[in-house]
Protein chains: 4
Amino acid sequence: MNTQKNQALQALKTSKGQIEAIINMIEDGRYCVDVSNQIIAAQSLLKKANLLILQQHMEHCVTEAFEHGNGKEKISEIMQILAKLTNK
Amino acid sequence: MNTQKNQALQALKTSKGQIEAIINMIEDGRYCVDVSNQIIAAQSLLKKANLLILQQHMEHCVTEAFEHGNGKEKISEIMQILAKLTNK
Amino acid sequence: MNTQKNQALQALKTSKGQIEAIINMIEDGRYCVDVSNQIIAAQSLLKKANLLILQQHMEHCVTEAFEHGNGKEKISEIMQILAKLTNK
Amino acid sequence: MNTQKNQALQALKTSKGQIEAIINMIEDGRYCVDVSNQIIAAQSLLKKANLLILQQHMEHCVTEAFEHGNGKEKISEIMQILAKLTNK
């Protein structure tokens, strides 16, 4: 597995741990603003993981697709992701 | 626990399950675009959980703070969350 | 007019100038990536203006509404803005 | 000029008109929540314009760059835009 995928995995595992902690915070009746800040931190990690996955996708899959003459469908897939990301 | 906190807990538990599934997808070498779409879905659930937590905060803690004459510090806390959220 | 509203006005006037420049860039056939970066810069200014408007709203209108016993409807308005902002 | 650039231009011109109207709203002392909602509407139009510009960039410039063997630098440019967009 390449470096970017490994970094994405680490970010996802850390965010999973954060979410488990957030669940405990809510069950323990912790202060809402602290809970909200932790949710925002977990969102940042997911965003980081997503960018790493997309970077590795662009540098490998998309580049290879263009080398094999079928780049256009990759472009359409990426535009769909881009449209979703600008709404996140 | 009130309804909004319960709904936030459910969203967080579902997003935790999604992140576990995403970790498996990456370890199994699944297609990057599918991984990316799943990460975006998990982000949406975190966002939903955060809005529920903030709604319950505004309707209870902030409202009570104003009734006890110390609403101003709550406003400052919420502005910090708002500033972070517009950058997510 | 208070300081926050003045700062919001300045940000909006600057962003208007940026958008005029972006329109010229497109009409002149300038490079798409440069156009995209300028659009992102204009979006940042709008976001800044919005935060300033909301800050002044929270510190003045919302605070006064609570002092006059009708804070609850303000909370509902702010939650609607918050829900929209998390989707921007 | 192609269709996507024309649609982007239209969105930018409409958003410029909206921002002029927002400036007047603030100068006339209009209600903050209405101002905030109009700013969010203008942000949506900028986002739409940006997606159109990026789509045309991906379908034309990036595709041509790969056909001429220099696609890799385009990928790096797009990743920078993607990173910025996920923070908007």
# chains A, B, ... in the order shown; residues from 1 in each chain; ligands from 1
>>> interface_residues(of="chain D", to="chain C", cutoff="7 Å", atoms="only C-alpha atoms", output="list in words")
Leu9, Leu12, Lys16, Ile19, Ile23, Cys32, Ser36, Ile39, Gln43, Leu46, Asn50, Ile53, Leu54 and His57 of chain D
>>> write_last_selection(atoms="N, CA and C atoms", output="short mmCIF file (atom, residue, chain, number, x, y, z; two decimals), in the first residue's frame")
data_model
loop_
_atom_site.label_atom_id
_atom_site.label_comp_id
_atom_site.auth_asym_id
_atom_site.auth_seq_id
_atom_site.Cartn_x
_atom_site.Cartn_y
_atom_site.Cartn_z
N LEU D 9 -20.12 32.83 -16.49
CA LEU D 9 -20.23 34.29 -16.60
C LEU D 9 -21.59 34.79 -16.11
N LEU D 12 -21.72 34.63 -12.38
CA LEU D 12 -20.91 35.70 -11.77
C LEU D 12 -21.60 37.05 -11.88
N LYS D 16 -22.79 39.34 -8.78
CA LYS D 16 -22.35 40.74 -8.64
C LYS D 16 -23.57 41.63 -8.33
N ILE D 19 -24.61 41.11 -4.77
CA ILE D 19 -23.73 41.76 -3.78
C ILE D 19 -24.02 43.26 -3.72
N ILE D 23 -25.13 45.22 -0.34
CA ILE D 23 -24.50 46.46 0.16
C ILE D 23 -25.60 47.49 0.48
N CYS D 32 -30.50 41.79 9.87
CA CYS D 32 -29.26 41.01 9.69
C CYS D 32 -29.51 39.62 9.10
N SER D 36 -27.80 38.07 5.87
CA SER D 36 -27.03 36.83 5.93
C SER D 36 -27.53 35.83 4.88
N ILE D 39 -26.30 36.82 1.50
CA ILE D 39 -24.86 36.52 1.32
C ILE D 39 -24.69 35.04 0.98
N GLN D 43 -22.96 33.31 -2.25
CA GLN D 43 -21.91 32.28 -2.15
C GLN D 43 -22.26 31.07 -3.01
N LEU D 46 -21.40 31.76 -6.59
CA LEU D 46 -19.94 31.70 -6.83
C LEU D 46 -19.47 30.26 -6.90
N ASN D 50 -17.69 28.44 -10.02
CA ASN D 50 -16.41 27.75 -9.86
C ASN D 50 -16.47 26.32 -10.39
N ILE D 53 -16.37 26.41 -14.16
CA ILE D 53 -15.02 26.71 -14.65
C ILE D 53 -14.12 25.48 -14.51
N LEU D 54 -14.23 24.79 -13.38
CA LEU D 54 -13.39 23.61 -13.16
C LEU D 54 -13.79 22.47 -14.09
N HIS D 57 -12.36 23.19 -17.33
CA HIS D 57 -10.90 23.00 -17.22
C HIS D 57 -10.55 21.52 -17.33
#
>>> calpha_fit_and_write(fixed="chain D", moving="chain B", output="CSV table (one decimal) with N, CA, C and O atoms, in the first residue's frame")
chain,number,residue,atom,x,y,z
B,1,MET,N,-16.8,31.4,-27.1
B,1,MET,CA,-16.7,30.9,-25.7
B,1,MET,C,-17.7,29.7,-25.6
B,1,MET,O,-18.7,29.8,-26.1
B,2,ASN,N,-17.2,28.7,-24.8
B,2,ASN,CA,-18.1,27.5,-24.7
B,2,ASN,C,-19.2,27.7,-23.7
B,2,ASN,O,-19.2,28.7,-22.9
B,3,THR,N,-20.1,26.7,-23.7
B,3,THR,CA,-21.3,26.9,-22.9
B,3,THR,C,-21.0,27.0,-21.4
B,3,THR,O,-21.6,27.8,-20.7
B,4,GLN,N,-20.1,26.2,-20.9
B,4,GLN,CA,-19.8,26.2,-19.4
B,4,GLN,C,-19.3,27.6,-19.0
B,4,GLN,O,-19.6,28.1,-18.0
B,5,LYS,N,-18.4,28.2,-19.8
B,5,LYS,CA,-17.8,29.5,-19.5
B,5,LYS,C,-19.0,30.5,-19.5
B,5,LYS,O,-19.0,31.4,-18.7
B,6,ASN,N,-19.9,30.4,-20.5
B,6,ASN,CA,-21.0,31.3,-20.6
B,6,ASN,C,-21.9,31.2,-19.4
B,6,ASN,O,-22.3,32.2,-18.8
B,7,GLN,N,-22.1,30.0,-18.9
B,7,GLN,CA,-23.0,29.8,-17.7
B,7,GLN,C,-22.3,30.4,-16.5
B,7,GLN,O,-22.9,31.0,-15.6
B,8,ALA,N,-20.9,30.2,-16.4
B,8,ALA,CA,-20.2,30.7,-15.3
B,8,ALA,C,-20.2,32.2,-15.3
B,8,ALA,O,-20.4,32.8,-14.2
B,9,LEU,N,-20.1,32.8,-16.5
B,9,LEU,CA,-20.2,34.3,-16.6
B,9,LEU,C,-21.6,34.8,-16.1
B,9,LEU,O,-21.7,35.8,-15.4
B,10,GLN,N,-22.6,34.1,-16.5
B,10,GLN,CA,-24.0,34.5,-16.1
B,10,GLN,C,-24.1,34.4,-14.6
B,10,GLN,O,-24.6,35.3,-13.9
B,11,ALA,N,-23.6,33.3,-14.0
B,11,ALA,CA,-23.7,33.2,-12.5
B,11,ALA,C,-22.9,34.3,-11.8
B,11,ALA,O,-23.3,34.9,-10.8
B,12,LEU,N,-21.7,34.6,-12.4
B,12,LEU,CA,-20.9,35.7,-11.8
B,12,LEU,C,-21.6,37.1,-11.9
B,12,LEU,O,-21.6,37.8,-10.9
B,13,LYS,N,-22.2,37.3,-13.0
B,13,LYS,CA,-22.9,38.6,-13.2
B,13,LYS,C,-24.1,38.7,-12.3
B,13,LYS,O,-24.4,39.8,-11.7
B,14,THR,N,-24.8,37.6,-12.1
B,14,THR,CA,-26.0,37.6,-11.2
B,14,THR,C,-25.5,37.8,-9.7
B,14,THR,O,-26.0,38.6,-9.0
B,15,SER,N,-24.4,37.1,-9.4
B,15,SER,CA,-23.9,37.3,-8.0
B,15,SER,C,-23.4,38.7,-7.7
B,15,SER,O,-23.5,39.2,-6.6
B,16,LYS,N,-22.8,39.3,-8.8
B,16,LYS,CA,-22.4,40.7,-8.6
B,16,LYS,C,-23.6,41.6,-8.3
B,16,LYS,O,-23.5,42.5,-7.4
B,17,GLY,N,-24.7,41.4,-9.0
B,17,GLY,CA,-25.9,42.2,-8.8
B,17,GLY,C,-26.4,41.9,-7.4
B,17,GLY,O,-26.9,42.8,-6.7
B,18,GLN,N,-26.3,40.6,-6.9
B,18,GLN,CA,-26.8,40.3,-5.5
B,18,GLN,C,-25.9,41.1,-4.5
B,18,GLN,O,-26.5,41.6,-3.5
B,19,ILE,N,-24.6,41.1,-4.8
B,19,ILE,CA,-23.7,41.8,-3.8
B,19,ILE,C,-24.0,43.3,-3.7
B,19,ILE,O,-24.0,43.9,-2.6
B,20,GLU,N,-24.3,43.9,-4.9
B,20,GLU,CA,-24.7,45.3,-4.9
B,20,GLU,C,-26.0,45.5,-4.1
B,20,GLU,O,-26.1,46.4,-3.3
B,21,ALA,N,-26.9,44.6,-4.2
B,21,ALA,CA,-28.2,44.7,-3.4
B,21,ALA,C,-27.9,44.5,-1.9
B,21,ALA,O,-28.5,45.2,-1.1
B,22,ILE,N,-27.0,43.6,-1.6
B,22,ILE,CA,-26.7,43.3,-0.2
B,22,ILE,C,-26.0,44.6,0.4
B,22,ILE,O,-26.3,44.9,1.6
B,23,ILE,N,-25.1,45.2,-0.3
B,23,ILE,CA,-24.5,46.5,0.2
B,23,ILE,C,-25.6,47.5,0.5
B,23,ILE,O,-25.6,48.1,1.5
B,24,ASN,N,-26.6,47.6,-0.4
B,24,ASN,CA,-27.7,48.6,-0.2
B,24,ASN,C,-28.5,48.1,1.1
B,24,ASN,O,-28.9,49.0,1.9
B,25,MET,N,-28.7,46.8,1.2
B,25,MET,CA,-29.5,46.3,2.4
B,25,MET,C,-28.8,46.8,3.7
B,25,MET,O,-29.5,47.2,4.6
B,26,ILE,N,-27.5,46.6,3.7
B,26,ILE,CA,-26.8,47.0,5.0
B,26,ILE,C,-26.8,48.5,5.2
B,26,ILE,O,-27.1,48.9,6.3
B,27,GLU,N,-26.6,49.3,4.1
B,27,GLU,CA,-26.7,50.7,4.2
B,27,GLU,C,-28.1,51.2,4.6
B,27,GLU,O,-28.2,52.2,5.3
B,28,ASP,N,-29.1,50.4,4.3
B,28,ASP,CA,-30.5,50.8,4.6
B,28,ASP,C,-30.9,50.3,6.0
B,28,ASP,O,-32.0,50.4,6.4
B,29,GLY,N,-29.9,49.6,6.7
B,29,GLY,CA,-30.3,49.0,8.0
B,29,GLY,C,-31.2,47.9,8.0
B,29,GLY,O,-31.9,47.6,9.0
B,30,ARG,N,-31.2,47.1,6.9
B,30,ARG,CA,-32.1,45.9,6.9
B,30,ARG,C,-31.7,44.9,7.9
B,30,ARG,O,-30.6,44.8,8.4
B,31,TYR,N,-32.7,44.0,8.2
B,31,TYR,CA,-32.5,42.9,9.2
B,31,TYR,C,-31.4,42.0,8.9
B,31,TYR,O,-31.3,41.4,7.8
B,32,CYS,N,-30.5,41.8,9.9
B,32,CYS,CA,-29.3,41.0,9.7
B,32,CYS,C,-29.5,39.6,9.1
B,32,CYS,O,-28.7,39.2,8.3
B,33,VAL,N,-30.6,38.9,9.6
B,33,VAL,CA,-30.8,37.6,9.1
B,33,VAL,C,-31.1,37.6,7.6
B,33,VAL,O,-30.7,36.7,6.9
B,34,ASP,N,-31.8,38.6,7.1
B,34,ASP,CA,-32.1,38.7,5.7
B,34,ASP,C,-30.8,39.0,4.9
B,34,ASP,O,-30.6,38.4,3.8
B,35,VAL,N,-30.0,39.8,5.5
B,35,VAL,CA,-28.7,40.1,4.8
B,35,VAL,C,-27.8,38.8,4.8
B,35,VAL,O,-27.3,38.5,3.7
B,36,SER,N,-27.8,38.1,5.9
B,36,SER,CA,-27.0,36.8,5.9
B,36,SER,C,-27.5,35.8,4.9
B,36,SER,O,-26.7,35.2,4.2
B,37,ASN,N,-28.8,35.7,4.8
B,37,ASN,CA,-29.4,34.8,3.8
B,37,ASN,C,-29.0,35.2,2.3
B,37,ASN,O,-28.7,34.3,1.5
B,38,GLN,N,-29.0,36.5,2.1
B,38,GLN,CA,-28.6,36.9,0.7
B,38,GLN,C,-27.1,36.7,0.5
B,38,GLN,O,-26.7,36.3,-0.7
B,39,ILE,N,-26.3,36.8,1.5
B,39,ILE,CA,-24.9,36.5,1.3
B,39,ILE,C,-24.7,35.1,1.0
B,39,ILE,O,-23.9,34.7,0.1
B,40,ILE,N,-25.4,34.2,1.7
B,40,ILE,CA,-25.3,32.7,1.4
B,40,ILE,C,-25.8,32.4,0.0
B,40,ILE,O,-25.2,31.6,-0.7
B,41,ALA,N,-26.8,33.1,-0.5
B,41,ALA,CA,-27.3,32.9,-1.9
B,41,ALA,C,-26.2,33.3,-2.9
B,41,ALA,O,-25.9,32.6,-3.9
B,42,ALA,N,-25.5,34.5,-2.6
B,42,ALA,CA,-24.4,34.9,-3.5
B,42,ALA,C,-23.2,33.9,-3.4
B,42,ALA,O,-22.6,33.6,-4.5
B,43,GLN,N,-23.0,33.3,-2.3
B,43,GLN,CA,-21.9,32.3,-2.1
B,43,GLN,C,-22.3,31.1,-3.0
B,43,GLN,O,-21.4,30.5,-3.7
B,44,SER,N,-23.5,30.7,-3.0
B,44,SER,CA,-24.0,29.5,-3.8
B,44,SER,C,-23.7,29.8,-5.3
B,44,SER,O,-23.3,28.9,-6.0
B,45,LEU,N,-23.9,31.0,-5.8
B,45,LEU,CA,-23.7,31.3,-7.2
B,45,LEU,C,-22.2,31.3,-7.5
B,45,LEU,O,-21.8,30.8,-8.6
B,46,LEU,N,-21.4,31.8,-6.6
B,46,LEU,CA,-19.9,31.7,-6.8
B,46,LEU,C,-19.5,30.3,-6.9
B,46,LEU,O,-18.6,29.9,-7.7
B,47,LYS,N,-20.0,29.4,-6.0
B,47,LYS,CA,-19.7,28.0,-6.0
B,47,LYS,C,-20.1,27.4,-7.3
B,47,LYS,O,-19.3,26.6,-7.9
B,48,LYS,N,-21.3,27.7,-7.8
B,48,LYS,CA,-21.7,27.2,-9.1
B,48,LYS,C,-20.8,27.6,-10.2
B,48,LYS,O,-20.4,26.8,-11.1
B,49,ALA,N,-20.4,28.9,-10.2
B,49,ALA,CA,-19.5,29.4,-11.3
B,49,ALA,C,-18.2,28.7,-11.2
B,49,ALA,O,-17.6,28.3,-12.3
B,50,ASN,N,-17.7,28.4,-10.0
B,50,ASN,CA,-16.4,27.8,-9.9
B,50,ASN,C,-16.5,26.3,-10.4
B,50,ASN,O,-15.6,25.9,-11.1
B,51,LEU,N,-17.5,25.6,-10.1
B,51,LEU,CA,-17.7,24.2,-10.6
B,51,LEU,C,-17.7,24.2,-12.1
B,51,LEU,O,-17.1,23.3,-12.7
B,52,LEU,N,-18.4,25.2,-12.7
B,52,LEU,CA,-18.5,25.2,-14.2
B,52,LEU,C,-17.1,25.5,-14.8
B,52,LEU,O,-16.7,24.9,-15.8
B,53,ILE,N,-16.4,26.4,-14.2
B,53,ILE,CA,-15.0,26.7,-14.6
B,53,ILE,C,-14.1,25.5,-14.5
B,53,ILE,O,-13.4,25.1,-15.4
B,54,LEU,N,-14.2,24.8,-13.4
B,54,LEU,CA,-13.4,23.6,-13.2
B,54,LEU,C,-13.8,22.5,-14.1
B,54,LEU,O,-12.9,21.7,-14.6
B,55,GLN,N,-15.1,22.3,-14.3
B,55,GLN,CA,-15.5,21.3,-15.3
B,55,GLN,C,-15.0,21.5,-16.7
B,55,GLN,O,-14.4,20.6,-17.3
B,56,GLN,N,-15.0,22.8,-17.1
B,56,GLN,CA,-14.5,23.1,-18.4
B,56,GLN,C,-13.0,22.9,-18.5
B,56,GLN,O,-12.4,22.4,-19.4
B,57,HIS,N,-12.3,23.2,-17.3
B,57,HIS,CA,-10.9,23.0,-17.2
B,57,HIS,C,-10.5,21.5,-17.3
B,57,HIS,O,-9.6,21.1,-18.1
B,58,MET,N,-11.3,20.7,-16.6
B,58,MET,CA,-11.0,19.3,-16.6
B,58,MET,C,-11.2,18.7,-18.0
B,58,MET,O,-10.5,17.8,-18.5
B,59,GLU,N,-12.3,19.1,-18.6
B,59,GLU,CA,-12.7,18.4,-19.9
B,59,GLU,C,-11.9,18.9,-21.0
B,59,GLU,O,-11.7,18.2,-22.0
B,60,HIS,N,-11.3,20.1,-20.9
B,60,HIS,CA,-10.5,20.6,-22.0
B,60,HIS,C,-9.0,20.6,-21.7
B,60,HIS,O,-8.3,19.8,-22.1
B,61,CYS,N,-8.6,21.6,-20.8
B,61,CYS,CA,-7.1,21.7,-20.6
B,61,CYS,C,-6.5,20.5,-20.0
B,61,CYS,O,-5.5,20.1,-20.5
B,62,VAL,N,-7.1,19.8,-19.0
B,62,VAL,CA,-6.5,18.6,-18.4
B,62,VAL,C,-6.4,17.5,-19.4
B,62,VAL,O,-5.4,16.8,-19.6
B,63,THR,N,-7.5,17.3,-20.1
B,63,THR,CA,-7.6,16.2,-21.1
B,63,THR,C,-6.5,16.5,-22.2
B,63,THR,O,-5.7,15.5,-22.6
B,64,GLU,N,-6.4,17.7,-22.7
B,64,GLU,CA,-5.4,18.0,-23.7
B,64,GLU,C,-4.0,17.8,-23.2
B,64,GLU,O,-3.1,17.4,-23.8
B,65,ALA,N,-3.8,18.3,-21.9
B,65,ALA,CA,-2.4,18.1,-21.3
B,65,ALA,C,-2.0,16.7,-21.3
B,65,ALA,O,-0.8,16.4,-21.6
B,66,PHE,N,-2.9,15.8,-20.9
B,66,PHE,CA,-2.6,14.4,-20.9
B,66,PHE,C,-2.3,13.9,-22.3
B,66,PHE,O,-1.3,13.1,-22.5
B,67,GLU,N,-3.0,14.4,-23.3
B,67,GLU,CA,-2.8,13.9,-24.7
B,67,GLU,C,-1.4,14.4,-25.2
B,67,GLU,O,-0.8,13.8,-26.0
B,68,HIS,N,-0.9,15.5,-24.6
B,68,HIS,CA,0.5,16.0,-24.9
B,68,HIS,C,1.5,15.6,-24.0
B,68,HIS,O,2.7,16.1,-24.0
B,69,GLY,N,1.2,14.6,-23.0
B,69,GLY,CA,2.2,14.1,-22.2
B,69,GLY,C,2.6,14.9,-21.0
B,69,GLY,O,3.5,14.6,-20.2
B,70,ASN,N,1.9,16.0,-20.7
B,70,ASN,CA,2.2,16.8,-19.5
B,70,ASN,C,1.0,17.0,-18.6
B,70,ASN,O,0.7,18.0,-18.1
B,71,GLY,N,0.4,15.8,-18.3
B,71,GLY,CA,-0.8,15.8,-17.5
B,71,GLY,C,-0.5,15.9,-16.0
B,71,GLY,O,-1.2,16.5,-15.2
B,72,LYS,N,0.7,15.5,-15.6
B,72,LYS,CA,1.0,15.4,-14.2
B,72,LYS,C,1.0,16.8,-13.5
B,72,LYS,O,0.5,16.9,-12.3
B,73,GLU,N,1.5,17.8,-14.2
B,73,GLU,CA,1.4,19.1,-13.5
B,73,GLU,C,0.0,19.6,-13.3
B,73,GLU,O,-0.3,20.3,-12.4
B,74,LYS,N,-0.9,19.2,-14.3
B,74,LYS,CA,-2.3,19.6,-14.1
B,74,LYS,C,-2.9,19.0,-12.9
B,74,LYS,O,-3.7,19.6,-12.2
B,75,ILE,N,-2.5,17.7,-12.6
B,75,ILE,CA,-3.1,17.0,-11.5
B,75,ILE,C,-2.7,17.7,-10.2
B,75,ILE,O,-3.5,17.9,-9.3
B,76,SER,N,-1.4,18.2,-10.2
B,76,SER,CA,-1.0,18.9,-9.0
B,76,SER,C,-1.7,20.2,-8.8
B,76,SER,O,-2.1,20.6,-7.6
B,77,GLU,N,-2.0,21.0,-9.9
B,77,GLU,CA,-2.8,22.2,-9.8
B,77,GLU,C,-4.2,21.9,-9.2
B,77,GLU,O,-4.8,22.6,-8.4
B,78,ILE,N,-4.8,20.8,-9.7
B,78,ILE,CA,-6.2,20.5,-9.3
B,78,ILE,C,-6.3,20.1,-7.9
B,78,ILE,O,-7.2,20.4,-7.2
B,79,MET,N,-5.2,19.4,-7.4
B,79,MET,CA,-5.2,19.0,-6.0
B,79,MET,C,-5.2,20.2,-5.1
B,79,MET,O,-5.7,20.2,-4.0
B,80,GLN,N,-4.4,21.2,-5.5
B,80,GLN,CA,-4.4,22.5,-4.7
B,80,GLN,C,-5.8,23.1,-4.7
B,80,GLN,O,-6.2,23.6,-3.6
B,81,ILE,N,-6.5,23.1,-5.8
B,81,ILE,CA,-7.8,23.7,-5.8
B,81,ILE,C,-8.7,22.9,-4.9
B,81,ILE,O,-9.5,23.4,-4.1
B,82,LEU,N,-8.6,21.5,-5.0
B,82,LEU,CA,-9.4,20.6,-4.2
B,82,LEU,C,-9.2,20.9,-2.7
B,82,LEU,O,-10.2,20.9,-1.9
B,83,ALA,N,-8.0,21.0,-2.4
B,83,ALA,CA,-7.7,21.3,-0.9
B,83,ALA,C,-8.3,22.6,-0.5
B,83,ALA,O,-8.8,22.6,0.6
B,84,LYS,N,-8.3,23.6,-1.3
B,84,LYS,CA,-8.9,24.9,-0.9
B,84,LYS,C,-10.4,24.7,-0.9
B,84,LYS,O,-11.1,25.2,0.1
B,85,LEU,N,-11.0,24.0,-1.8
B,85,LEU,CA,-12.4,23.9,-1.9
B,85,LEU,C,-13.0,23.1,-0.7
B,85,LEU,O,-14.1,23.4,-0.2
B,86,THR,N,-12.3,22.1,-0.2
B,86,THR,CA,-12.8,21.4,1.0
B,86,THR,C,-12.7,22.3,2.2
B,86,THR,O,-13.3,21.9,3.2
B,87,ASN,N,-12.0,23.4,2.1
B,87,ASN,CA,-12.0,24.3,3.3
B,87,ASN,C,-13.0,25.5,3.1
B,87,ASN,O,-12.9,26.5,3.9
B,88,LYS,N,-13.7,25.5,2.0
B,88,LYS,CA,-14.6,26.7,1.8
B,88,LYS,C,-16.0,26.4,2.5
B,88,LYS,O,-16.5,25.3,2.4
>>> select_by_dssp(residues="chain B", states="alpha helix (DSSP H)", output="ChimeraX atom specification")
/B:3-27,32-56,63-67,71-85
>>> write_last_selection(atoms="C-alpha atoms", output="PDB file, in the first residue's frame")
ATOM      1  CA  THR B   3     -34.518  13.661  21.581  1.00  0.00           C
ATOM      2  CA  GLN B   4     -31.888  15.783  19.831  1.00  0.00           C
ATOM      3  CA  LYS B   5     -29.029  14.242  21.847  1.00  0.00           C
ATOM      4  CA  ASN B   6     -30.412  10.780  21.092  1.00  0.00           C
ATOM      5  CA  GLN B   7     -30.573  11.540  17.370  1.00  0.00           C
ATOM      6  CA  ALA B   8     -27.017  12.914  17.496  1.00  0.00           C
ATOM      7  CA  LEU B   9     -25.856   9.708  19.241  1.00  0.00           C
ATOM      8  CA  GLN B  10     -27.493   7.581  16.543  1.00  0.00           C
ATOM      9  CA  ALA B  11     -25.841   9.608  13.776  1.00  0.00           C
ATOM     10  CA  LEU B  12     -22.452   9.286  15.499  1.00  0.00           C
ATOM     11  CA  LYS B  13     -22.837   5.526  15.975  1.00  0.00           C
ATOM     12  CA  THR B  14     -23.791   5.096  12.315  1.00  0.00           C
ATOM     13  CA  SER B  15     -20.839   7.232  11.178  1.00  0.00           C
ATOM     14  CA  LYS B  16     -18.512   5.141  13.367  1.00  0.00           C
ATOM     15  CA  GLY B  17     -19.766   2.004  11.573  1.00  0.00           C
ATOM     16  CA  GLN B  18     -19.242   3.711   8.205  1.00  0.00           C
ATOM     17  CA  ILE B  19     -15.666   4.635   9.091  1.00  0.00           C
ATOM     18  CA  GLU B  20     -14.928   1.037  10.112  1.00  0.00           C
ATOM     19  CA  ALA B  21     -16.293  -0.061   6.732  1.00  0.00           C
ATOM     20  CA  ILE B  22     -14.171   2.574   4.930  1.00  0.00           C
ATOM     21  CA  ILE B  23     -11.023   1.314   6.711  1.00  0.00           C
ATOM     22  CA  ASN B  24     -11.831  -2.202   5.440  1.00  0.00           C
ATOM     23  CA  MET B  25     -12.467  -0.856   1.921  1.00  0.00           C
ATOM     24  CA  ILE B  26      -9.007   0.727   1.808  1.00  0.00           C
ATOM     25  CA  GLU B  27      -7.336  -2.388   3.239  1.00  0.00           C
ATOM     26  CA  CYS B  32     -10.723   5.181  -4.595  1.00  0.00           C
ATOM     27  CA  VAL B  33     -13.827   6.971  -5.880  1.00  0.00           C
ATOM     28  CA  ASP B  34     -16.070   4.585  -3.894  1.00  0.00           C
ATOM     29  CA  VAL B  35     -13.920   5.168  -0.798  1.00  0.00           C
ATOM     30  CA  SER B  36     -14.148   8.944  -1.317  1.00  0.00           C
ATOM     31  CA  ASN B  37     -17.947   8.824  -1.637  1.00  0.00           C
ATOM     32  CA  GLN B  38     -18.216   6.833   1.602  1.00  0.00           C
ATOM     33  CA  ILE B  39     -15.996   9.348   3.418  1.00  0.00           C
ATOM     34  CA  ILE B  40     -18.295  12.155   2.189  1.00  0.00           C
ATOM     35  CA  ALA B  41     -21.316  10.204   3.513  1.00  0.00           C
ATOM     36  CA  ALA B  42     -19.637   9.867   6.937  1.00  0.00           C
ATOM     37  CA  GLN B  43     -18.890  13.610   6.912  1.00  0.00           C
ATOM     38  CA  SER B  44     -22.585  14.316   6.283  1.00  0.00           C
ATOM     39  CA  LEU B  45     -23.561  12.281   9.345  1.00  0.00           C
ATOM     40  CA  LEU B  46     -21.040  14.125  11.526  1.00  0.00           C
ATOM     41  CA  LYS B  47     -22.426  17.410  10.255  1.00  0.00           C
ATOM     42  CA  LYS B  48     -25.960  16.255  11.096  1.00  0.00           C
ATOM     43  CA  ALA B  49     -24.846  15.209  14.603  1.00  0.00           C
ATOM     44  CA  ASN B  50     -23.170  18.574  15.112  1.00  0.00           C
ATOM     45  CA  LEU B  51     -26.266  20.528  14.064  1.00  0.00           C
ATOM     46  CA  LEU B  52     -28.401  18.486  16.490  1.00  0.00           C
ATOM     47  CA  ILE B  53     -25.959  19.117  19.345  1.00  0.00           C
ATOM     48  CA  LEU B  54     -25.855  22.835  18.550  1.00  0.00           C
ATOM     49  CA  GLN B  55     -29.635  23.044  18.268  1.00  0.00           C
ATOM     50  CA  GLN B  56     -30.090  21.476  21.682  1.00  0.00           C
ATOM     51  CA  THR B  63     -31.726  30.196  26.520  1.00  0.00           C
ATOM     52  CA  GLU B  64     -31.125  29.413  30.226  1.00  0.00           C
ATOM     53  CA  ALA B  65     -27.936  31.471  30.275  1.00  0.00           C
ATOM     54  CA  PHE B  66     -29.852  34.511  29.055  1.00  0.00           C
ATOM     55  CA  GLU B  67     -32.542  33.906  31.675  1.00  0.00           C
ATOM     56  CA  GLY B  71     -25.945  35.091  27.906  1.00  0.00           C
ATOM     57  CA  LYS B  72     -23.069  37.171  26.502  1.00  0.00           C
ATOM     58  CA  GLU B  73     -20.372  34.548  27.068  1.00  0.00           C
ATOM     59  CA  LYS B  74     -22.572  31.960  25.313  1.00  0.00           C
ATOM     60  CA  ILE B  75     -22.773  34.240  22.267  1.00  0.00           C
ATOM     61  CA  SER B  76     -18.996  34.418  22.113  1.00  0.00           C
ATOM     62  CA  GLU B  77     -18.728  30.586  22.282  1.00  0.00           C
ATOM     63  CA  ILE B  78     -21.250  30.185  19.477  1.00  0.00           C
ATOM     64  CA  MET B  79     -19.456  32.690  17.265  1.00  0.00           C
ATOM     65  CA  GLN B  80     -16.274  30.611  17.614  1.00  0.00           C
ATOM     66  CA  ILE B  81     -18.174  27.477  16.542  1.00  0.00           C
ATOM     67  CA  LEU B  82     -19.776  29.412  13.661  1.00  0.00           C
ATOM     68  CA  ALA B  83     -16.376  30.623  12.454  1.00  0.00           C
ATOM     69  CA  LYS B  84     -15.071  27.041  12.479  1.00  0.00           C
ATOM     70  CA  LEU B  85     -18.174  25.666  10.759  1.00  0.00           C
TER      71      LEU B  85
END
